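> Got final_23.cif for you, mmCIF, C-alpha atoms:
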data_final
#
loop_
_atom_site.label_atom_id
_atom_site.label_comp_id
_atom_site.auth_asym_id
_atom_site.auth_seq_id
_atom_site.Cartn_x
_atom_site.Cartn_y
_atom_site.Cartn_z
CA MET A 1 5.71 -6.29 23.56
CA ASN A 2 9.15 -5.58 22.03
CA GLU A 3 9.30 -9.18 20.83
CA THR A 4 5.95 -8.84 19.09
CA ILE A 5 6.34 -5.56 17.24
CA ARG A 6 9.63 -4.90 15.54
CA GLU A 7 10.18 -1.53 13.97
CA ARG A 8 11.71 -1.33 10.53
CA PRO A 9 14.85 0.81 10.00
CA ARG A 10 14.22 4.20 8.47
CA LYS A 11 15.90 5.42 5.34
CA GLY A 12 18.66 7.96 5.49
CA HIS A 13 20.28 6.74 8.73
CA GLY A 14 22.47 3.93 7.45
CA GLY A 15 19.76 1.39 8.20
CA ARG A 16 19.57 2.45 11.84
CA LYS A 17 16.67 4.22 13.47
CA PRO A 18 17.64 7.56 15.02
CA VAL A 19 17.84 7.40 18.80
CA LEU A 20 15.07 9.35 20.52
CA PRO A 21 14.83 10.15 24.23
CA PRO A 22 12.65 7.67 26.12
CA VAL A 23 9.05 8.55 26.79
CA GLY A 24 8.75 9.65 30.38
CA GLY A 25 6.49 8.68 33.26
CA LEU A 26 7.18 4.94 33.13
CA ASP A 27 6.79 4.67 36.92
CA ASP A 28 3.15 5.77 36.58
CA PRO A 29 0.84 2.84 35.68
CA ASP A 30 -1.64 5.33 34.22
CA CYS A 31 0.88 7.07 31.97
CA PHE A 32 0.59 7.27 28.20
CA ILE A 33 3.26 4.69 27.45
CA HIS A 34 1.64 1.91 29.48
CA HIS A 35 -1.74 2.50 27.89
CA MET A 36 -0.09 2.51 24.47
CA GLN A 37 1.71 -0.77 25.10
CA ARG A 38 -1.51 -2.45 26.23
CA TYR A 39 -3.33 -1.11 23.19
CA LEU A 40 -0.66 -2.30 20.75
CA LEU A 41 -0.75 -5.74 22.34
CA SER A 42 -4.53 -5.80 21.89
CA LEU A 43 -4.07 -5.07 18.17
CA VAL A 44 -1.80 -8.07 17.77
CA VAL A 45 -4.10 -10.31 19.82
CA ARG A 46 -7.07 -9.27 17.66
CA GLY A 47 -5.21 -10.33 14.54
CA GLN A 48 -4.21 -6.93 13.17
CA SER A 49 -1.19 -6.93 10.90
CA GLN A 50 2.33 -6.14 12.06
CA HIS A 51 2.26 -3.11 9.78
CA THR A 52 -0.85 -1.76 11.54
CA ALA A 53 0.76 -2.16 14.96
CA ILE A 54 4.00 -0.49 13.87
CA SER A 55 2.29 2.47 12.19
CA SER A 56 -0.03 2.90 15.19
CA LYS A 57 2.94 2.95 17.55
CA ALA A 58 4.65 5.65 15.47
CA ALA A 59 1.52 7.81 15.39
CA LEU A 60 0.77 7.47 19.10
CA THR A 61 4.37 8.10 20.09
CA ARG A 62 4.30 11.34 18.16
CA PHE A 63 1.19 12.44 20.06
CA ILE A 64 2.68 11.38 23.41
CA ARG A 65 5.85 13.42 22.83
CA TRP A 66 3.75 16.43 21.83
CA CYS A 67 1.83 16.08 25.12
CA GLU A 68 4.97 15.72 27.24
CA LYS A 69 6.28 19.02 25.92
CA ARG A 70 3.17 20.52 27.52
CA SER A 71 3.63 18.61 30.79
CA LEU A 72 0.78 16.20 30.00
CA PHE A 73 1.53 12.61 30.97
CA ARG A 74 -1.85 10.84 31.35
CA PRO A 75 -4.75 10.21 28.97
CA SER A 76 -7.10 11.59 31.64
CA GLN A 77 -5.48 15.01 31.18
CA ILE A 78 -6.53 15.22 27.53
CA ASP A 79 -9.70 16.95 26.41
CA ARG A 80 -11.17 17.75 23.02
CA PRO A 81 -9.53 21.22 22.65
CA LEU A 82 -6.11 19.63 23.22
CA VAL A 83 -6.71 17.00 20.55
CA GLU A 84 -7.82 19.71 18.14
CA LEU A 85 -4.70 21.71 19.04
CA PHE A 86 -2.58 18.67 18.20
CA GLN A 87 -4.35 18.41 14.84
CA GLN A 88 -3.59 22.08 14.20
CA SER A 89 0.08 21.43 14.97
CA LEU A 90 0.12 18.76 12.27
CA PHE A 91 -1.44 21.19 9.82
CA PHE A 92 1.24 23.83 10.46
CA HIS A 93 4.11 21.35 10.66
CA ARG A 94 6.70 21.55 7.90
CA LYS A 95 8.98 18.75 6.81
CA ARG A 96 12.70 19.22 6.30
CA ASN A 97 12.12 20.15 2.67
CA GLY A 98 9.68 22.85 3.75
CA GLU A 99 6.58 21.03 2.53
CA PRO A 100 3.51 20.54 4.75
CA LEU A 101 2.12 17.17 5.70
CA SER A 102 -0.35 15.80 3.17
CA ALA A 103 -3.94 15.17 4.18
CA ARG A 104 -3.27 11.44 3.93
CA SER A 105 -0.24 11.71 6.24
CA MET A 106 -2.32 13.60 8.78
CA GLN A 107 -4.99 10.91 8.58
CA PHE A 108 -2.34 8.24 9.28
CA LEU A 109 -1.43 10.13 12.45
CA LEU A 110 -4.96 10.96 13.62
CA ILE A 111 -6.87 7.73 12.94
CA PRO A 112 -4.74 5.63 15.35
CA LEU A 113 -5.18 8.36 17.96
CA ARG A 114 -8.95 8.27 17.64
CA GLN A 115 -8.98 4.46 17.78
CA TRP A 116 -6.69 4.45 20.82
CA PHE A 117 -8.91 6.76 22.86
CA SER A 118 -11.98 4.75 21.83
CA TRP A 119 -10.25 1.58 23.05
CA MET A 120 -9.43 3.21 26.41
CA VAL A 121 -13.11 4.10 26.85
CA LYS A 122 -14.16 0.51 26.12
CA GLN A 123 -11.57 -0.75 28.60
CA GLY A 124 -12.88 1.58 31.32
CA HIS A 125 -9.74 3.72 31.50
CA LEU A 126 -11.58 6.86 30.37
CA PRO A 127 -15.21 7.99 30.78
CA PHE A 128 -15.31 9.40 27.23
CA SER A 129 -13.07 9.86 24.22
CA PRO A 130 -11.76 13.40 23.61
CA ALA A 131 -11.14 12.40 19.98
CA SER A 132 -14.56 10.91 19.22
CA GLU A 133 -15.73 13.95 17.24
CA LEU A 134 -12.39 14.66 15.62
CA GLU A 135 -12.93 15.59 11.96
CA LEU A 136 -10.25 14.10 9.77
CA PRO A 137 -8.75 16.11 6.90
CA ARG A 138 -10.32 15.24 3.59
CA VAL A 139 -8.03 13.32 1.25
CA PRO A 140 -8.58 14.36 -2.37
CA ARG A 141 -9.12 11.49 -4.79
CA ARG A 142 -6.52 12.15 -7.44
CA LEU A 143 -6.34 10.39 -10.76
CA PRO A 144 -3.35 8.09 -11.32
CA LYS A 145 -0.39 10.03 -12.68
CA ALA A 146 0.05 7.65 -15.59
CA ILE A 147 -1.70 4.77 -17.32
CA LEU A 148 -0.07 2.56 -19.91
CA SER A 149 -1.79 1.95 -23.21
CA ALA A 150 -1.93 -1.65 -24.40
CA GLN A 151 0.91 -0.94 -26.84
CA GLU A 152 3.04 0.72 -24.14
CA ALA A 153 2.46 -2.22 -21.80
CA GLU A 154 3.64 -4.62 -24.52
CA THR A 155 6.75 -2.49 -25.01
CA VAL A 156 7.63 -2.73 -21.32
CA LEU A 157 6.92 -6.46 -21.20
CA ALA A 158 9.37 -7.04 -24.06
CA VAL A 159 12.32 -5.38 -22.29
CA PRO A 160 13.59 -8.24 -20.02
CA ASP A 161 16.16 -10.59 -21.53
CA VAL A 162 14.28 -13.87 -21.25
CA HIS A 163 17.40 -15.85 -22.18
CA THR A 164 18.67 -15.35 -18.62
CA ALA A 165 17.16 -16.73 -15.43
CA VAL A 166 16.63 -13.27 -13.95
CA GLY A 167 15.18 -11.92 -17.17
CA LEU A 168 12.77 -14.82 -17.48
CA ARG A 169 11.70 -14.27 -13.89
CA ASP A 170 11.18 -10.57 -14.52
CA ARG A 171 9.08 -11.21 -17.63
CA ALA A 172 6.88 -13.55 -15.57
CA ILE A 173 6.58 -10.89 -12.85
CA LEU A 174 5.60 -8.14 -15.28
CA GLU A 175 3.08 -10.42 -17.00
CA THR A 176 1.54 -11.29 -13.62
CA LEU A 177 1.24 -7.64 -12.58
CA TYR A 178 -0.29 -6.68 -15.92
CA SER A 179 -2.73 -9.60 -16.06
CA THR A 180 -3.99 -9.48 -12.47
CA GLY A 181 -3.35 -5.97 -11.09
CA ILE A 182 -2.26 -7.40 -7.75
CA ARG A 183 -0.28 -5.27 -5.30
CA ARG A 184 3.47 -5.69 -5.04
CA THR A 185 3.32 -7.19 -1.54
CA GLU A 186 0.68 -9.65 -2.71
CA LEU A 187 2.97 -10.73 -5.53
CA THR A 188 5.95 -11.27 -3.21
CA ARG A 189 3.80 -13.62 -1.09
CA LEU A 190 2.76 -15.86 -3.97
CA THR A 191 3.67 -19.52 -3.74
CA ILE A 192 3.81 -22.14 -6.48
CA GLN A 193 0.58 -23.64 -5.12
CA ASP A 194 -1.23 -20.30 -5.50
CA ILE A 195 -1.15 -20.63 -9.30
CA ASP A 196 -3.80 -22.92 -10.80
CA ARG A 197 -3.15 -23.18 -14.53
CA ASN A 198 -6.01 -25.60 -15.15
CA ARG A 199 -8.58 -23.18 -13.74
CA GLY A 200 -6.73 -20.07 -14.88
CA THR A 201 -6.71 -18.55 -11.39
CA LEU A 202 -4.35 -17.01 -8.89
CA MET A 203 -4.89 -17.10 -5.13
CA VAL A 204 -4.00 -13.95 -3.19
CA ARG A 205 -3.45 -14.85 0.45
CA GLU A 206 -3.76 -12.22 3.15
CA GLY A 207 -4.14 -9.27 0.85
CA LYS A 208 -4.99 -5.83 2.17
CA GLY A 209 -7.13 -6.23 5.28
CA LYS A 210 -5.73 -9.79 5.63
CA LYS A 211 -8.36 -11.04 3.17
CA ASP A 212 -7.85 -13.91 0.74
CA ARG A 213 -9.25 -13.74 -2.78
CA MET A 214 -9.12 -15.88 -5.90
CA ILE A 215 -8.81 -13.96 -9.14
CA PRO A 216 -8.44 -14.80 -12.84
CA ILE A 217 -5.08 -14.68 -14.60
CA GLY A 218 -4.53 -14.73 -18.37
CA GLU A 219 -3.16 -17.61 -20.40
CA ARG A 220 -0.06 -15.71 -21.52
CA ALA A 221 0.87 -14.78 -17.95
CA LEU A 222 0.39 -18.41 -16.92
CA ALA A 223 2.65 -19.57 -19.77
CA TRP A 224 5.44 -17.21 -18.70
CA ILE A 225 5.06 -18.25 -15.07
CA ALA A 226 5.35 -21.91 -16.10
CA ALA A 227 8.44 -21.18 -18.17
CA TYR A 228 10.04 -19.33 -15.27
CA ARG A 229 9.06 -22.03 -12.77
CA ASP A 230 10.50 -24.86 -14.86
CA ARG A 231 13.59 -23.22 -16.34
CA ALA A 232 14.70 -20.26 -14.21
CA ARG A 233 13.46 -20.88 -10.69
CA PRO A 234 15.60 -24.02 -10.09
CA GLU A 235 18.67 -22.01 -11.13
CA LEU A 236 17.80 -19.19 -8.72
CA LEU A 237 16.99 -21.59 -5.90
CA ARG A 238 20.39 -23.27 -6.11
CA ASP A 239 20.96 -25.48 -3.08
CA LYS A 240 18.60 -23.62 -0.76
CA LEU A 241 15.68 -25.25 1.03
CA ASP A 242 12.58 -24.74 -1.09
CA ASP A 243 9.78 -23.14 0.93
CA GLY A 244 7.53 -22.82 -2.12
CA ALA A 245 7.84 -19.07 -2.70
CA LEU A 246 7.14 -18.43 -6.38
CA PHE A 247 9.38 -15.49 -7.23
CA LEU A 248 12.96 -15.62 -5.94
CA ASN A 249 15.85 -13.18 -6.00
CA SER A 250 19.31 -14.02 -7.31
CA LEU A 251 20.25 -15.45 -3.89
CA GLY A 252 17.35 -17.90 -3.88
CA ASN A 253 15.30 -16.00 -1.30
CA PRO A 254 11.74 -14.71 -1.77
CA ILE A 255 11.82 -11.44 -3.66
CA ARG A 256 11.22 -8.37 -1.51
CA PRO A 257 8.73 -5.53 -2.23
CA PHE A 258 11.47 -2.90 -2.54
CA HIS A 259 13.38 -5.07 -5.03
CA LEU A 260 10.16 -5.54 -6.98
CA THR A 261 9.65 -1.78 -7.16
CA MET A 262 13.18 -1.18 -8.40
CA LEU A 263 13.06 -3.79 -11.16
CA THR A 264 9.67 -2.71 -12.53
CA LYS A 265 10.73 0.93 -12.45
CA ARG A 266 13.93 0.05 -14.30
CA TYR A 267 12.09 -1.77 -17.09
CA ILE A 268 9.59 1.05 -17.54
CA THR A 269 12.48 3.52 -17.84
CA ARG A 270 14.36 1.30 -20.31
CA ALA A 271 11.22 0.97 -22.43
CA ALA A 272 11.56 4.70 -23.22
CA ILE A 273 7.81 5.27 -23.47
CA GLY A 274 7.94 8.65 -21.76
CA LYS A 275 6.15 7.51 -18.62
CA GLU A 276 7.31 6.79 -15.10
CA GLY A 277 6.07 4.37 -12.47
CA ALA A 278 6.53 0.95 -10.96
CA CYS A 279 4.28 -1.87 -9.74
CA HIS A 280 1.22 0.29 -9.16
CA LEU A 281 1.38 1.53 -12.75
CA PHE A 282 0.54 -2.00 -13.88
CA ARG A 283 -2.29 -2.15 -11.35
CA HIS A 284 -3.80 1.04 -12.77
CA THR A 285 -3.27 -0.21 -16.30
CA CYS A 286 -4.89 -3.57 -15.63
CA ALA A 287 -7.97 -1.94 -14.12
CA THR A 288 -8.28 0.52 -16.99
CA VAL A 289 -7.98 -2.03 -19.80
CA LEU A 290 -10.54 -4.27 -18.08
CA LEU A 291 -12.95 -1.36 -17.78
CA GLU A 292 -12.43 -0.27 -21.37
CA GLY A 293 -12.98 -3.87 -22.44
CA GLY A 294 -16.45 -3.77 -20.93
CA MET A 295 -15.97 -5.38 -17.52
CA ASP A 296 -18.36 -4.20 -14.79
CA THR A 297 -16.71 -2.14 -12.03
CA ARG A 298 -17.93 -4.59 -9.38
CA TYR A 299 -15.97 -7.39 -11.01
CA ILE A 300 -12.92 -5.14 -11.22
CA GLN A 301 -13.40 -4.36 -7.54
CA ALA A 302 -13.27 -8.07 -6.73
CA ILE A 303 -10.12 -8.56 -8.80
CA LEU A 304 -8.27 -5.61 -7.26
CA GLY A 305 -9.43 -6.41 -3.74
CA HIS A 306 -10.92 -2.99 -3.05
CA ALA A 307 -12.99 -2.85 0.12
CA SER A 308 -15.12 -0.07 -1.35
CA LEU A 309 -16.52 0.29 -4.85
CA GLU A 310 -15.66 3.98 -4.57
CA SER A 311 -11.97 3.09 -4.84
CA THR A 312 -12.62 1.23 -8.08
CA GLN A 313 -14.82 3.87 -9.64
CA ILE A 314 -11.87 6.23 -9.99
CA TYR A 315 -10.95 4.24 -13.10
CA THR A 316 -14.16 5.35 -14.79
CA ARG A 317 -12.56 8.81 -14.82
CA VAL A 318 -9.38 7.68 -16.56
CA SER A 319 -10.98 5.30 -19.04
CA ILE A 320 -11.11 7.62 -22.05
CA GLN A 321 -11.16 5.41 -25.16
CA LYS A 322 -14.87 4.58 -25.17
CA LEU A 323 -15.74 8.09 -24.08
CA LYS A 324 -13.68 9.51 -26.94
CA ALA A 325 -15.27 7.13 -29.47
CA LEU A 326 -18.76 8.12 -28.34
CA HIS A 327 -17.86 11.82 -28.44
CA THR A 328 -16.54 11.45 -32.00
CA ALA A 329 -19.70 9.62 -33.08
CA VAL A 330 -22.27 12.07 -31.74
CA HIS A 331 -20.63 15.52 -31.57
CA PRO A 332 -21.41 17.68 -34.61
CA GLY A 333 -18.08 19.51 -34.56
CA LYS A 334 -16.38 17.46 -37.29
CA LEU A 335 -14.06 18.37 -40.13
CA PRO A 336 -15.74 18.35 -43.56
CA THR A 337 -15.05 15.38 -45.79
CA ALA A 338 -13.54 17.65 -48.42
CA GLY A 339 -11.58 20.85 -48.15
CA THR A 340 -9.07 22.12 -45.64
CA TYR A 341 -8.71 25.06 -43.28
#
Represent the structure of the file as structure tokens.

Amino acid sequence: MNETIRERPRKGHGGRKPVLPPVGGLDDPDCFIHHMQRYLLSLVVRGQSQHTAISSKAALTRFIRWCEKRSLFRPSQIDRPLVELFQQSLFFHRKRNGEPLSARSMQFLLIPLRQWFSWMVKQGHLPFSPASELELPRVPRRLPKAILSAQEAETVLAVPDVHTAVGLRDRAILETLYSTGIRRTELTRLTIQDIDRNRGTLMVREGKGKKDRMIPIGERALAWIAAYRDRARPELLRDKLDDGALFLNSLGNPIRPFHLTMLTKRYITRAAIGKEGACHLFRHTCATVLLEGGMDTRYIQAILGHASLESTQIYTRVSIQKLKALHTAVHPGKLPTAGTY
């Protein structure tokens, strides 16, 4: 199992994960840890992503340690009141900065727990799931903190120095984010073959939920990608073996998500438009300009790769231009054509 799921180092510890005491009861075949290991293996076998397995392990380990402090070592010892008590402990928990866990963070810890107990019931390890009726905290749907106007987007796009290999690459990256609204991880996985200039499409492979989708990409973005591919990419690749990754870092390796976040954030700051953000700001902006241009939300849903239309409909709440124009046209509260106040 250790060879299958590798945990990423946490920030703030010099790249090393803090050492925690081992989970107890390993000599008991019915202990928490053995059931967790079998469950995590089943996730991998069923094709779940490495990220899902790692996050599930972190959530379940937290629950197991909470149980051990109460001398509970087996799933059969857990009932519904105990699961609800664990949920209450998450609600009252405070982080080092004194802030409580967000509703989304609590969901990330409780959903794997509910799925784990359900799996143990299906496998015959438990007669029923004590977490089956667990009510998850409601996550409020907040509007994006910022959206770029078309003019602001153009200002950011013009910041990279396209006379350098890195600058040309960065312009192509920003144009791709703005034109397609793809996620940062999806962009880092792009290959040269994923871009079809003749059809004007981009292929996203294994997006969220491990789903592929083909989406449109604009002519200008394609032109900048072609310029980067022909003029800058060979310089970045140097003498390395070419595996086909589209966007490379200065060492010739595929660009990483964190690097992508830092460079987009830097260009937005340098644009001095009074707004902050990174890759997701372009995703929000792309969705909003498409909606304001008249595109149906279902088409935007397909482009963004949202599993639910509800996720896409949030942009109807931030698309203000057409709403403002209609308000101006029909509301009687207008200034007179002559005279001042």
> With the PyMOL selection byres ((chain A and resi 179-187) around 7) as the selection, what would be picked from this file? Answer as a ChimeraX atom specification, please.
/A:175-178,188-190,204,207,216-218,221,257,260,279-280,282-283,286-287,304
> Would you be able to write out as an NGL selection string which residues have an atom within 12 Å of (-0.5, 16.3, 10.0) in the file's coordinates, counting only C-alpha atoms?
:A and (59 or 62-63 or 84-95 or 99-111 or 136-139)
> Expanded to explicit residues, what is the PyMOL selection byres ((chain A and resi 120) around 12) for this file, as a PyMOL selection string?
chain A and resi 30+32+34-40+42+74-76+113-119+121-132
> Let me know the residues the PyMOL selection byres ((chain A and resi 259) around 12) catches in the file above, as a PyMOL selection string.
chain A and resi 170+173+184-185+187-188+247-250+253-258+260-266+278-279
> Take atom CA of A:Ser49 and atom CA of A:Val83 and report the distance between them in Å, one decimal.
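Going from atom CA of A:Ser49 over to atom CA of A:Val83, I get 26.4 Å.
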> Find the distance between atom CA of A:Lys210 and atom CA of A:Pro112 and write it in Å to one decimal.
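So the answer is 18.3 Å.
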> Work out how far apart atom CA of A:Gln48 and atom CA of A:Arg80 are and give it in Å to one decimal.
27.5 Å
> Have a look at A:Thr328, A:Leu157, A:Gln193, A:Leu291 and name the one nearest to A:Gly244; count only C-alpha atoms.
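Going through A:Thr328, A:Leu157, A:Gln193, A:Leu291 one by one, the smallest distance to A:Gly244 is for A:Gln193.
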> Using only C-alpha atoms, can you tell me which of A:Pro81, A:Gly47, A:Gly274, A:Leu134 comes closest to A:Lys211?
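Among the listed residues, A:Gly47 lies closest to A:Lys211.
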> Can you tell me which residues surround A:Leu148 at a distance of at most 9 Å, considering all atoms listed in the file, apart from same-chain residues fewer than 6 positions away, and format the answer as a PDB file with C-alpha atoms, keeping the file's coordinate frame?

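Result file is around.pdb:
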ATOM      1  CA  LYS A 275       6.150   7.510 -18.620  1.00  0.00           C
ATOM      2  CA  LEU A 281       1.380   1.530 -12.750  1.00  0.00           C
ATOM      3  CA  PHE A 282       0.540  -2.000 -13.880  1.00  0.00           C
ATOM      4  CA  HIS A 284      -3.800   1.040 -12.770  1.00  0.00           C
ATOM      5  CA  THR A 285      -3.270  -0.210 -16.300  1.00  0.00           C
ATOM      6  CA  CYS A 286      -4.890  -3.570 -15.630  1.00  0.00           C
ATOM      7  CA  THR A 288      -8.280   0.520 -16.990  1.00  0.00           C
TER       8      THR A 288
END
> Ranking A:Cys31, A:Ala226, A:Lys240, A:Leu41 by minimum distance to A:Leu72 and counting only C-alpha atoms, which one comes first?
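Result for the nearest residue to A:Leu72: A:Cys31.
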> Enumerate, as a list in words, the protein, DNA and RNA residues whose atoms approach (8.0, -14.3, -20.8) to within 8 Å, taking into account all atoms listed in the file and the coordinate frame of the file.
Leu157, Val162, Leu168, Arg169, Asp170, Arg171, Ala172, Glu175, Ala221, Ala223, Trp224, Ile225, Ala227 and Tyr228 of chain A
> With all atoms listed in the file as the atoms that count, which of A:Gly252, A:Pro140, A:Pro336, A:Gly293 lies nearest to A:Ala165?
A:Gly252
> Find, counting only C-alpha atoms, the residue in A:Ile33, A:Arg46, A:Arg233, A:Gln301 that gets nearest to A:Thr61.
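Residue with the minimum atom-to-atom distance to A:Thr61: A:Ile33.
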